[in-house]
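Engineer: Supplied structure: protein.pdb, PDB, C-alpha atoms.
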```pdb
ATOM      1  CA  MET A   4     121.861  96.903  60.299
ATOM      2  CA  SER A   5     119.671  94.399  62.146
ATOM      3  CA  TYR A   6     118.466  95.633  65.513
ATOM      4  CA  LYS A   7     116.953  94.072  68.616
ATOM      5  CA  ILE A   8     113.951  95.434  70.466
ATOM      6  CA  LEU A   9     114.437  96.152  74.162
ATOM      7  CA  ASP A  10     111.042  94.770  75.099
ATOM      8  CA  GLY A  11     109.922  96.373  78.355
ATOM      9  CA  LYS A  12     106.601  94.570  78.335
ATOM     10  CA  VAL A  13     108.120  91.089  78.223
ATOM     11  CA  THR A  14     110.908  91.997  80.652
ATOM     12  CA  SER A  15     108.544  93.571  83.184
ATOM     13  CA  ASN A  16     106.283  90.512  83.037
ATOM     14  CA  THR A  17     109.281  88.287  83.763
ATOM     15  CA  ILE A  18     110.194  90.462  86.762
ATOM     16  CA  LYS A  19     106.603  90.347  87.994
ATOM     17  CA  GLU A  20     106.562  86.551  87.746
ATOM     18  CA  GLU A  21     109.728  86.449  89.865
ATOM     19  CA  LEU A  22     108.143  88.828  92.366
ATOM     20  CA  ARG A  23     104.997  86.698  92.545
ATOM     21  CA  VAL A  24     107.104  83.748  93.732
ATOM     22  CA  LYS A  25     108.669  85.913  96.469
ATOM     23  CA  VAL A  26     105.283  87.227  97.613
ATOM     24  CA  ASP A  27     103.850  83.697  97.704
ATOM     25  CA  GLU A  28     106.759  82.704  99.958
ATOM     26  CA  ILE A  29     105.962  85.630 102.268
ATOM     27  CA  THR A  30     102.249  84.870 102.545
ATOM     28  CA  ALA A  31     102.946  81.124 102.997
ATOM     29  CA  LYS A  32     104.612  82.100 106.283
ATOM     30  CA  GLY A  33     101.363  83.700 107.440
ATOM     31  CA  LEU A  34     102.582  87.267 106.850
ATOM     32  CA  ARG A  35     100.522  89.906 105.094
ATOM     33  CA  PRO A  36     101.502  90.814 101.518
ATOM     34  CA  PRO A  37     103.159  94.173 100.712
ATOM     35  CA  HIS A  38     100.789  97.114 100.237
ATOM     36  CA  LEU A  39     101.119 100.032  97.809
ATOM     37  CA  SER A  40      98.901 103.112  98.010
ATOM     38  CA  ALA A  41      98.516 105.768  95.346
ATOM     39  CA  ILE A  42      97.009 109.252  95.423
ATOM     40  CA  LEU A  43      95.405 110.483  92.207
ATOM     41  CA  VAL A  44      94.213 114.098  92.038
ATOM     42  CA  GLY A  45      91.807 115.068  89.246
ATOM     43  CA  ASN A  46      91.045 113.077  86.098
ATOM     44  CA  ASN A  47      94.086 113.387  83.841
ATOM     45  CA  PRO A  48      93.638 110.590  81.212
ATOM     46  CA  ALA A  49      97.356 109.704  81.136
ATOM     47  CA  SER A  50      97.504 109.528  84.940
ATOM     48  CA  GLU A  51      94.379 107.350  84.947
ATOM     49  CA  ALA A  52      96.058 104.934  82.522
ATOM     50  CA  TYR A  53      99.244 104.783  84.607
ATOM     51  CA  MET A  54      97.258 104.088  87.744
ATOM     52  CA  LYS A  55      95.334 101.247  86.128
ATOM     53  CA  ASN A  56      98.641  99.649  85.126
ATOM     54  CA  LYS A  57     100.021 100.034  88.653
ATOM     55  CA  VAL A  58      96.949  98.528  90.309
ATOM     56  CA  LYS A  59      96.912  95.674  87.762
ATOM     57  CA  SER A  60     100.610  94.982  88.380
ATOM     58  CA  CYS A  61     100.069  94.891  92.140
ATOM     59  CA  ASN A  62      97.364  92.270  91.647
ATOM     60  CA  GLN A  63      99.633  90.235  89.359
ATOM     61  CA  VAL A  64     102.399  89.946  91.966
ATOM     62  CA  GLY A  65     100.062  89.385  94.921
ATOM     63  CA  PHE A  66     100.381  92.821  96.522
ATOM     64  CA  THR A  67      97.410  94.615  98.003
ATOM     65  CA  SER A  68      96.868  98.177  96.836
ATOM     66  CA  ASP A  69      94.454 101.071  97.034
ATOM     67  CA  LEU A  70      93.838 104.108  94.882
ATOM     68  CA  ILE A  71      92.882 107.272  96.761
ATOM     69  CA  ARG A  72      91.077 109.715  94.488
ATOM     70  CA  ARG A  73      90.660 113.401  95.195
ATOM     71  CA  ASP A  74      89.077 116.185  93.129
ATOM     72  CA  ASN A  75      91.091 118.869  91.370
ATOM     73  CA  ASP A  76      89.983 121.480  93.901
ATOM     74  CA  ILE A  77      91.736 119.778  96.854
ATOM     75  CA  THR A  78      93.781 122.300  98.834
ATOM     76  CA  GLN A  79      97.483 121.895  99.432
ATOM     77  CA  GLU A  80      96.838 121.565 103.168
ATOM     78  CA  GLU A  81      94.341 118.747 102.570
ATOM     79  CA  LEU A  82      96.722 116.905 100.249
ATOM     80  CA  ILE A  83      99.638 117.170 102.670
ATOM     81  CA  ALA A  84      97.368 115.969 105.499
ATOM     82  CA  LEU A  85      96.579 112.905 103.372
ATOM     83  CA  VAL A  86     100.303 112.309 102.763
ATOM     84  CA  LEU A  87     100.995 112.499 106.508
ATOM     85  CA  GLN A  88      98.171 110.039 107.132
ATOM     86  CA  LEU A  89      99.794 107.516 104.775
ATOM     87  CA  ASN A  90     103.192 108.166 106.378
ATOM     88  CA  ASN A  91     101.732 107.007 109.691
ATOM     89  CA  ASP A  92      99.691 104.071 108.393
ATOM     90  CA  GLU A  93     101.523 100.871 109.370
ATOM     91  CA  LYS A  94      99.630  98.855 106.752
ATOM     92  CA  VAL A  95     101.029 101.023 103.929
ATOM     93  CA  ASP A  96     104.563 100.007 102.927
ATOM     94  CA  GLY A  97     104.977 102.538 100.153
ATOM     95  CA  PHE A  98     102.923 105.133  98.329
ATOM     96  CA  ILE A  99     103.065 107.525  95.422
ATOM     97  CA  VAL A 100     101.466 110.853  94.619
ATOM     98  CA  GLN A 101     100.757 110.775  90.890
ATOM     99  CA  LEU A 102     102.122 113.750  88.956
ATOM    100  CA  PRO A 103     101.235 116.174  87.478
ATOM    101  CA  LEU A 104      99.293 117.893  90.250
ATOM    102  CA  PRO A 105      96.944 120.882  89.705
ATOM    103  CA  ASP A 106      98.656 124.249  89.244
ATOM    104  CA  HIS A 107      97.621 125.545  92.670
ATOM    105  CA  ILE A 108      99.502 122.707  94.407
ATOM    106  CA  ASP A 109     103.231 123.082  95.147
ATOM    107  CA  ASP A 110     104.670 119.742  93.999
ATOM    108  CA  THR A 111     107.865 120.253  95.994
ATOM    109  CA  GLU A 112     106.043 120.827  99.289
ATOM    110  CA  VAL A 113     104.021 117.653  98.758
ATOM    111  CA  LEU A 114     107.144 115.696  97.848
ATOM    112  CA  LEU A 115     108.996 116.893 100.944
ATOM    113  CA  ALA A 116     106.105 115.756 103.140
ATOM    114  CA  ILE A 117     106.513 112.104 102.042
ATOM    115  CA  GLU A 118     108.316 109.825 104.502
ATOM    116  CA  PRO A 119     111.544 108.797 102.673
ATOM    117  CA  LYS A 120     111.124 105.182 103.842
ATOM    118  CA  LYS A 121     107.818 105.033 101.947
ATOM    119  CA  ASP A 122     108.950 107.063  98.921
ATOM    120  CA  VAL A 123     108.821 104.184  96.411
ATOM    121  CA  ASP A 124     108.894 106.600  93.448
ATOM    122  CA  GLY A 125     112.385 107.598  94.643
ATOM    123  CA  PHE A 126     111.749 111.344  94.261
ATOM    124  CA  HIS A 127     112.436 112.589  97.813
ATOM    125  CA  PRO A 128     115.690 114.592  98.175
ATOM    126  CA  TYR A 129     116.845 112.134 100.854
ATOM    127  CA  ASN A 130     116.649 109.197  98.438
ATOM    128  CA  PHE A 131     118.043 111.295  95.584
ATOM    129  CA  GLY A 132     121.023 112.330  97.714
ATOM    130  CA  CYS A 133     121.723 108.762  98.813
ATOM    131  CA  MET A 134     121.552 107.642  95.185
ATOM    132  CA  ALA A 135     124.026 110.341  94.137
ATOM    133  CA  GLN A 136     126.492 109.196  96.812
ATOM    134  CA  GLY A 137     126.079 105.508  96.022
ATOM    135  CA  LEU A 138     124.291 104.779  99.292
ATOM    136  CA  ASP A 139     121.342 102.437  99.665
ATOM    137  CA  SER A 140     118.107 104.137  98.620
ATOM    138  CA  PHE A 141     114.958 103.829  96.549
ATOM    139  CA  LEU A 142     116.019 104.548  92.986
ATOM    140  CA  PRO A 143     113.711 106.752  90.887
ATOM    141  CA  ALA A 144     111.366 104.339  89.149
ATOM    142  CA  THR A 145     112.012 105.208  85.492
ATOM    143  CA  PRO A 146     115.842 105.345  85.693
ATOM    144  CA  TYR A 147     115.722 102.121  87.730
ATOM    145  CA  GLY A 148     113.630 100.573  84.967
ATOM    146  CA  ILE A 149     116.212 101.613  82.361
ATOM    147  CA  LEU A 150     118.993  99.973  84.404
ATOM    148  CA  LEU A 151     116.966  96.765  84.687
ATOM    149  CA  LEU A 152     116.397  96.730  80.929
ATOM    150  CA  LEU A 153     120.128  97.177  80.255
ATOM    151  CA  GLU A 154     120.924  94.439  82.767
ATOM    152  CA  ARG A 155     118.412  91.909  81.431
ATOM    153  CA  TYR A 156     119.654  92.398  77.860
ATOM    154  CA  GLU A 157     123.284  92.226  79.042
ATOM    155  CA  ILE A 158     124.221  95.598  77.557
ATOM    156  CA  GLU A 159     127.666  96.730  78.679
ATOM    157  CA  THR A 160     127.871 100.227  80.156
ATOM    158  CA  SER A 161     131.414 100.292  81.542
ATOM    159  CA  GLY A 162     133.643 102.636  79.554
ATOM    160  CA  LYS A 163     130.852 103.540  77.149
ATOM    161  CA  ASN A 164     129.942 107.033  75.992
ATOM    162  CA  VAL A 165     126.400 107.844  77.109
ATOM    163  CA  VAL A 166     124.431 110.920  76.088
ATOM    164  CA  VAL A 167     121.243 111.752  77.985
ATOM    165  CA  ILE A 168     118.914 114.338  76.438
ATOM    166  CA  GLY A 169     116.776 116.040  79.102
ATOM    167  CA  ARG A 170     117.738 117.041  82.646
ATOM    168  CA  SER A 171     114.567 116.531  84.688
ATOM    169  CA  ASN A 172     114.893 115.345  88.284
ATOM    170  CA  ILE A 173     112.614 112.419  87.436
ATOM    171  CA  VAL A 174     114.605 110.869  84.568
ATOM    172  CA  GLY A 175     117.495 112.755  82.920
ATOM    173  CA  THR A 176     119.541 113.849  85.916
ATOM    174  CA  PRO A 177     119.193 110.626  87.954
ATOM    175  CA  ILE A 178     119.980 108.278  85.047
ATOM    176  CA  SER A 179     123.075 110.354  84.250
ATOM    177  CA  ILE A 180     124.223 109.920  87.865
ATOM    178  CA  LEU A 181     123.409 106.206  87.988
ATOM    179  CA  LEU A 182     125.275 105.352  84.788
ATOM    180  CA  SER A 183     128.376 107.242  85.932
ATOM    181  CA  ARG A 184     128.505 105.585  89.382
ATOM    182  CA  LYS A 185     131.173 103.026  90.235
ATOM    183  CA  GLU A 186     128.740 100.125  89.937
ATOM    184  CA  LYS A 187     128.230  97.078  87.712
ATOM    185  CA  LEU A 188     125.625  99.001  85.700
ATOM    186  CA  GLY A 189     127.655 102.182  85.569
ATOM    187  CA  ASN A 190     131.238 103.299  84.946
ATOM    188  CA  ALA A 191     130.108 105.106  81.788
ATOM    189  CA  THR A 192     131.241 108.533  80.624
ATOM    190  CA  VAL A 193     128.004 110.497  80.641
ATOM    191  CA  THR A 194     127.065 113.762  78.952
ATOM    192  CA  LEU A 195     123.822 115.388  80.127
ATOM    193  CA  ALA A 196     122.415 117.471  77.288
ATOM    194  CA  HIS A 197     119.507 119.919  77.503
ATOM    195  CA  SER A 198     117.837 122.909  75.853
ATOM    196  CA  ARG A 199     120.955 125.079  76.166
ATOM    197  CA  THR A 200     123.337 122.471  74.739
ATOM    198  CA  LYS A 201     125.130 123.632  71.605
ATOM    199  CA  ASN A 202     126.017 121.290  68.732
ATOM    200  CA  LEU A 203     123.857 118.504  70.143
ATOM    201  CA  LYS A 204     124.276 116.346  67.043
ATOM    202  CA  ALA A 205     128.062 116.358  67.502
ATOM    203  CA  LEU A 206     127.514 114.800  70.941
ATOM    204  CA  THR A 207     124.800 112.308  70.075
ATOM    205  CA  THR A 208     126.684 110.871  67.094
ATOM    206  CA  GLN A 209     129.464 109.887  69.526
ATOM    207  CA  ALA A 210     127.094 108.100  71.917
ATOM    208  CA  ASP A 211     127.311 104.336  72.377
ATOM    209  CA  ILE A 212     124.113 104.643  74.421
ATOM    210  CA  LEU A 213     121.644 107.450  73.681
ATOM    211  CA  ILE A 214     118.811 108.157  76.119
ATOM    212  CA  SER A 215     116.121 110.681  75.224
ATOM    213  CA  ALA A 216     113.834 111.974  77.966
ATOM    214  CA  LEU A 217     112.803 115.237  76.372
ATOM    215  CA  GLY A 218     109.094 114.910  75.646
ATOM    216  CA  LYS A 219     109.248 116.071  72.005
ATOM    217  CA  PRO A 220     107.865 113.686  69.370
ATOM    218  CA  PHE A 221     110.394 112.423  66.782
ATOM    219  CA  PHE A 222     113.100 114.790  68.086
ATOM    220  CA  VAL A 223     115.876 112.222  67.670
ATOM    221  CA  THR A 224     116.441 111.571  63.967
ATOM    222  CA  ALA A 225     118.642 109.008  62.231
ATOM    223  CA  ASP A 226     121.393 111.521  61.436
ATOM    224  CA  MET A 227     121.831 112.134  65.188
ATOM    225  CA  VAL A 228     122.597 108.481  65.942
ATOM    226  CA  LYS A 229     125.854 106.563  65.740
ATOM    227  CA  GLU A 230     125.829 103.274  63.812
ATOM    228  CA  GLY A 231     125.276 100.421  66.285
ATOM    229  CA  ALA A 232     124.141 102.630  69.168
ATOM    230  CA  VAL A 233     121.784 101.509  71.933
ATOM    231  CA  VAL A 234     118.788 103.881  71.897
ATOM    232  CA  ILE A 235     116.534 104.292  74.947
ATOM    233  CA  ASP A 236     113.389 106.321  74.272
ATOM    234  CA  VAL A 237     111.737 107.610  77.459
ATOM    235  CA  GLY A 238     109.425 110.041  75.689
ATOM    236  CA  ILE A 239     105.670 109.516  75.788
ATOM    237  CA  ASN A 240     103.945 111.926  73.435
ATOM    238  CA  ARG A 241     100.368 111.831  72.180
ATOM    239  CA  ILE A 242      99.923 112.974  68.593
ATOM    240  CA  ASP A 243      96.931 113.178  66.226
ATOM    241  CA  ASP A 244      96.255 110.093  64.133
ATOM    242  CA  LEU A 245      92.933 109.987  62.289
ATOM    243  CA  SER A 246      93.491 106.321  61.366
ATOM    244  CA  ARG A 247      92.998 105.392  65.041
ATOM    245  CA  LYS A 248      89.609 105.076  66.687
ATOM    246  CA  SER A 249      90.739 107.439  69.462
ATOM    247  CA  GLY A 250      92.066 109.947  66.920
ATOM    248  CA  THR A 251      95.495 109.900  68.587
ATOM    249  CA  ARG A 252      98.455 107.599  69.182
ATOM    250  CA  LEU A 253     101.480 107.436  71.471
ATOM    251  CA  VAL A 254     104.957 108.037  70.078
ATOM    252  CA  GLY A 255     108.362 108.578  71.621
ATOM    253  CA  ASP A 256     111.080 111.196  71.256
ATOM    254  CA  VAL A 257     112.788 109.012  68.643
ATOM    255  CA  ASP A 258     111.907 108.631  64.969
ATOM    256  CA  PHE A 259     111.721 104.881  65.549
ATOM    257  CA  GLU A 260     111.416 103.524  61.991
ATOM    258  CA  LYS A 261     114.546 105.281  60.720
ATOM    259  CA  VAL A 262     116.637 105.309  63.901
ATOM    260  CA  ALA A 263     116.064 101.568  64.469
ATOM    261  CA  LEU A 264     117.898 100.783  61.219
ATOM    262  CA  LYS A 265     121.097 102.289  62.676
ATOM    263  CA  SER A 266     120.690 100.842  66.187
ATOM    264  CA  SER A 267     121.895  97.642  67.804
ATOM    265  CA  PHE A 268     119.150  97.839  70.447
ATOM    266  CA  ILE A 269     116.168 100.189  70.696
ATOM    267  CA  THR A 270     113.117 100.602  72.927
ATOM    268  CA  PRO A 271     109.667 100.973  71.350
ATOM    269  CA  VAL A 272     106.984 103.405  72.499
ATOM    270  CA  PRO A 273     104.723 102.178  73.910
ATOM    271  CA  GLY A 274     106.053  98.927  75.397
ATOM    272  CA  GLY A 275     109.610  99.962  76.220
ATOM    273  CA  VAL A 276     110.532 101.982  79.285
ATOM    274  CA  GLY A 277     106.936 102.498  80.494
ATOM    275  CA  PRO A 278     106.269  98.941  81.738
ATOM    276  CA  MET A 279     109.725  98.893  83.362
ATOM    277  CA  THR A 280     108.818 101.967  85.419
ATOM    278  CA  VAL A 281     105.869 100.088  86.910
ATOM    279  CA  ALA A 282     108.024  96.995  87.592
ATOM    280  CA  SER A 283     110.567  99.203  89.388
ATOM    281  CA  LEU A 284     107.840 100.717  91.532
ATOM    282  CA  ILE A 285     106.765  97.218  92.597
ATOM    283  CA  LEU A 286     110.383  96.269  93.370
ATOM    284  CA  ASN A 287     110.800  99.397  95.501
ATOM    285  CA  THR A 288     107.598  98.572  97.394
ATOM    286  CA  LEU A 289     108.853  95.064  98.188
ATOM    287  CA  LYS A 290     112.115  96.624  99.390
ATOM    288  CA  ALA A 291     110.183  99.007 101.660
ATOM    289  CA  TYR A 292     108.141  96.084 103.021
ATOM    290  CA  LYS A 293     111.247  94.023 103.784
ATOM    291  CA  ALA A 294     112.915  97.006 105.494
ATOM    292  CA  LYS A 295     109.974  97.223 107.901
ATOM    293  CA  LEU A 296     110.305  93.520 108.733
TER     294      LEU A 296
END
```
Show how you would write the structure in this file as structure tokens.
Structural biologist:
Amino acid sequence: MSYKILDGKVTSNTIKEELRVKVDEITAKGLRPPHLSAILVGNNPASEAYMKNKVKSCNQVGFTSDLIRRDNDITQEELIALVLQLNNDEKVDGFIVQLPLPDHIDDTEVLLAIEPKKDVDGFHPYNFGCMAQGLDSFLPATPYGILLLLERYEIETSGKNVVVIGRSNIVGTPISILLSRKEKLGNATVTLAHSRTKNLKALTTQADILISALGKPFFVTADMVKEGAVVIDVGINRIDDLSRKSGTRLVGDVDFEKVALKSSFITPVPGGVGPMTVASLILNTLKAYKAKL
């Protein structure tokens, strides 16, 4: 079966070009551009890479941005004080605290300290609750990116069987809620599978749309996929590869080469959902900026 690539890189660049036009219109009126701040604790290589992409994307669309670095030994009190400072800074429209944080930091306490109106990652319980009830909110960036990808490729979700593997609050649970909502990009029958799910293959082989957000390389194999399914791979896993200069490479949760042959649409890793997450973050920041106006 011939398949189409859901190209997150191309799609995100198109969205950023559209955003650039909107930002140019804003600044032409003499207004300041939107501003995104980011807090990065420690020197996690993956987090560093994400941050570079976010700063680069801000520049591309005409936003201003700043990256606030802190050492791994920052105390929880110091980090929360920094969050409160950004909450009160009128020049900051939205900000993120890059995860993961060091073990001695309580992620939840930090998250709860973020002003919901500046929570452009969409992780705060206020935004999550509004999302679940279909009220206006900042959508979590990665699930939002998946919706945008489905929309741009005109993939029908209404009445479809969707299986989501992984129940994190960042991806699995919110995308399962979003796709089941009574919305244009919704109205699907969604099964949320996880580590305790029995007979997983029996579920996945019935899925018109299969989303894996598990974090296990090559977990989804061809025999788990229905012929003609849409496959969304959210996994980002680094594995050893001596043929690469770095000695490693990024792969998804899906055995791409074999699963692609059974799919109608499939996302690659890298270049699929990842760039869409950054585009969604930028869209949320523009939304936060406009709400202040």
Engineer: Kindly give the distance, in Å, that separates CA of Leu153 (chain A) and CA of Lys290 (chain A), rounded to a single decimal.
Structural biologist: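 Computing the Euclidean distance for CA of Leu153 (chain A) and CA of Lys290 (chain A) yields 20.8 Å.
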Engineer: Neighbourhood query: residues within 12 Å of (99.3, 111.0, 72.8), file coordinates, counting only C-alpha atoms; return as a ChimeraX atom specification.
Structural biologist: /A:48-49,52,218-220,238-244,247,249-256,272-273
Engineer: Using all atoms listed in the file, find all polymer residues with an atom at most 8 Å away from the point (114.9, 96.7, 76.3); report them as a VMD selection string.
Structural biologist: chain A and resid 8 to 11 14 149 152 to 153 155 to 156 235 268 to 270 275 to 276
Engineer: Once the PyMOL selection byres ((chain A and resi 143) around 7) is applied to the coordinates I shared, what remains selected? I want it as a PyMOL selection string.
Structural biologist: chain A and resi 124-126+141-142+144-147+173
Engineer: Would you kindly translate the PyMOL selection byres ((chain A and resi 208) around 8) into the concrete residues it picks from this file, as a list in words?
Structural biologist: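 Against this file, the PyMOL selection byres ((chain A and resi 208) around 8) returns the residues Lys204, Ala205, Leu206, Thr207, Gln209, Ala210, Asp226, Met227, Val228 and Lys229 of chain A.
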Engineer: With the file shown as input, list the residues that the PyMOL selection byres ((chain A and resi 111-118) around 7) selects, as a PDB file with C-alpha atoms, keeping the file's coordinate frame.
Structural biologist:
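Saved the output as part.pdb:
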```
ATOM      1  CA  ILE A  83      99.638 117.170 102.670  1.00  0.00           C
ATOM      2  CA  VAL A  86     100.303 112.309 102.763  1.00  0.00           C
ATOM      3  CA  LEU A  87     100.995 112.499 106.508  1.00  0.00           C
ATOM      4  CA  ASN A  90     103.192 108.166 106.378  1.00  0.00           C
ATOM      5  CA  ASP A 109     103.231 123.082  95.147  1.00  0.00           C
ATOM      6  CA  ASP A 110     104.670 119.742  93.999  1.00  0.00           C
ATOM      7  CA  PRO A 119     111.544 108.797 102.673  1.00  0.00           C
ATOM      8  CA  LYS A 120     111.124 105.182 103.842  1.00  0.00           C
ATOM      9  CA  LYS A 121     107.818 105.033 101.947  1.00  0.00           C
ATOM     10  CA  ASP A 122     108.950 107.063  98.921  1.00  0.00           C
ATOM     11  CA  HIS A 127     112.436 112.589  97.813  1.00  0.00           C
TER      12      HIS A 127
END
```
Engineer: Counting only C-alpha atoms, which residue out of A:Asn130, A:Asn46, A:Gln88, A:Gln63 sits closest to Gln101 (chain A)?
Structural biologist: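 Closest candidate: A:Asn46.
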Engineer: Between A:Ile168, A:Ala232, A:Val174, A:Leu296, which is the closest to Val193 (chain A) once you count all atoms listed in the file?
Structural biologist: A:Ile168
Engineer: Missing atoms in region 63-81 of chain A need filling: write out N, CA and C atoms for it as a PDB file, in the coordinates of the input.
Structural biologist:
```pdb
ATOM      1  N   GLN A  63      98.881  91.317  90.005  1.00  0.00           N
ATOM      2  CA  GLN A  63      99.633  90.235  89.359  1.00  0.00           C
ATOM      3  C   GLN A  63     100.681  89.627  90.285  1.00  0.00           C
ATOM      4  N   VAL A  64     101.316  90.461  91.107  1.00  0.00           N
ATOM      5  CA  VAL A  64     102.399  89.946  91.966  1.00  0.00           C
ATOM      6  C   VAL A  64     101.904  89.560  93.359  1.00  0.00           C
ATOM      7  N   GLY A  65     100.608  89.780  93.630  1.00  0.00           N
ATOM      8  CA  GLY A  65     100.062  89.385  94.921  1.00  0.00           C
ATOM      9  C   GLY A  65     100.111  90.451  95.997  1.00  0.00           C
ATOM     10  N   PHE A  66     100.435  91.694  95.588  1.00  0.00           N
ATOM     11  CA  PHE A  66     100.381  92.821  96.522  1.00  0.00           C
ATOM     12  C   PHE A  66      98.918  93.207  96.759  1.00  0.00           C
ATOM     13  N   THR A  67      98.666  93.889  97.861  1.00  0.00           N
ATOM     14  CA  THR A  67      97.410  94.615  98.003  1.00  0.00           C
ATOM     15  C   THR A  67      97.697  96.077  97.657  1.00  0.00           C
ATOM     16  N   SER A  68      96.669  96.781  97.221  1.00  0.00           N
ATOM     17  CA  SER A  68      96.868  98.177  96.836  1.00  0.00           C
ATOM     18  C   SER A  68      95.560  98.933  96.979  1.00  0.00           C
ATOM     19  N   ASP A  69      95.661 100.244  97.067  1.00  0.00           N
ATOM     20  CA  ASP A  69      94.454 101.071  97.034  1.00  0.00           C
ATOM     21  C   ASP A  69      94.754 102.375  96.324  1.00  0.00           C
ATOM     22  N   LEU A  70      93.744 102.865  95.636  1.00  0.00           N
ATOM     23  CA  LEU A  70      93.838 104.108  94.882  1.00  0.00           C
ATOM     24  C   LEU A  70      92.959 105.143  95.570  1.00  0.00           C
ATOM     25  N   ILE A  71      93.591 106.216  96.034  1.00  0.00           N
ATOM     26  CA  ILE A  71      92.882 107.272  96.761  1.00  0.00           C
ATOM     27  C   ILE A  71      92.661 108.435  95.802  1.00  0.00           C
ATOM     28  N   ARG A  72      91.405 108.656  95.443  1.00  0.00           N
ATOM     29  CA  ARG A  72      91.077 109.715  94.488  1.00  0.00           C
ATOM     30  C   ARG A  72      90.640 110.986  95.208  1.00  0.00           C
ATOM     31  N   ARG A  73      91.093 112.098  94.692  1.00  0.00           N
ATOM     32  CA  ARG A  73      90.660 113.401  95.195  1.00  0.00           C
ATOM     33  C   ARG A  73      90.381 114.324  94.015  1.00  0.00           C
ATOM     34  N   ASP A  74      89.436 115.258  94.200  1.00  0.00           N
ATOM     35  CA  ASP A  74      89.077 116.185  93.129  1.00  0.00           C
ATOM     36  C   ASP A  74      90.170 117.223  92.907  1.00  0.00           C
ATOM     37  N   ASN A  75      90.107 117.850  91.741  1.00  0.00           N
ATOM     38  CA  ASN A  75      91.091 118.869  91.370  1.00  0.00           C
ATOM     39  C   ASN A  75      91.149 120.044  92.331  1.00  0.00           C
ATOM     40  N   ASP A  76      90.035 120.294  93.032  1.00  0.00           N
ATOM     41  CA  ASP A  76      89.983 121.480  93.901  1.00  0.00           C
ATOM     42  C   ASP A  76      90.504 121.208  95.318  1.00  0.00           C
ATOM     43  N   ILE A  77      91.148 120.054  95.544  1.00  0.00           N
ATOM     44  CA  ILE A  77      91.736 119.778  96.854  1.00  0.00           C
ATOM     45  C   ILE A  77      92.760 120.868  97.193  1.00  0.00           C
ATOM     46  N   THR A  78      92.805 121.284  98.437  1.00  0.00           N
ATOM     47  CA  THR A  78      93.781 122.300  98.834  1.00  0.00           C
ATOM     48  C   THR A  78      95.129 121.630  99.115  1.00  0.00           C
ATOM     49  N   GLN A  79      96.152 122.433  99.122  1.00  0.00           N
ATOM     50  CA  GLN A  79      97.483 121.895  99.432  1.00  0.00           C
ATOM     51  C   GLN A  79      97.516 121.324 100.846  1.00  0.00           C
ATOM     52  N   GLU A  80      96.864 122.011 101.766  1.00  0.00           N
ATOM     53  CA  GLU A  80      96.838 121.565 103.168  1.00  0.00           C
ATOM     54  C   GLU A  80      96.148 120.203 103.279  1.00  0.00           C
ATOM     55  N   GLU A  81      95.062 120.022 102.541  1.00  0.00           N
ATOM     56  CA  GLU A  81      94.341 118.747 102.570  1.00  0.00           C
ATOM     57  C   GLU A  81      95.176 117.620 101.974  1.00  0.00           C
TER      58      GLU A  81
END
```
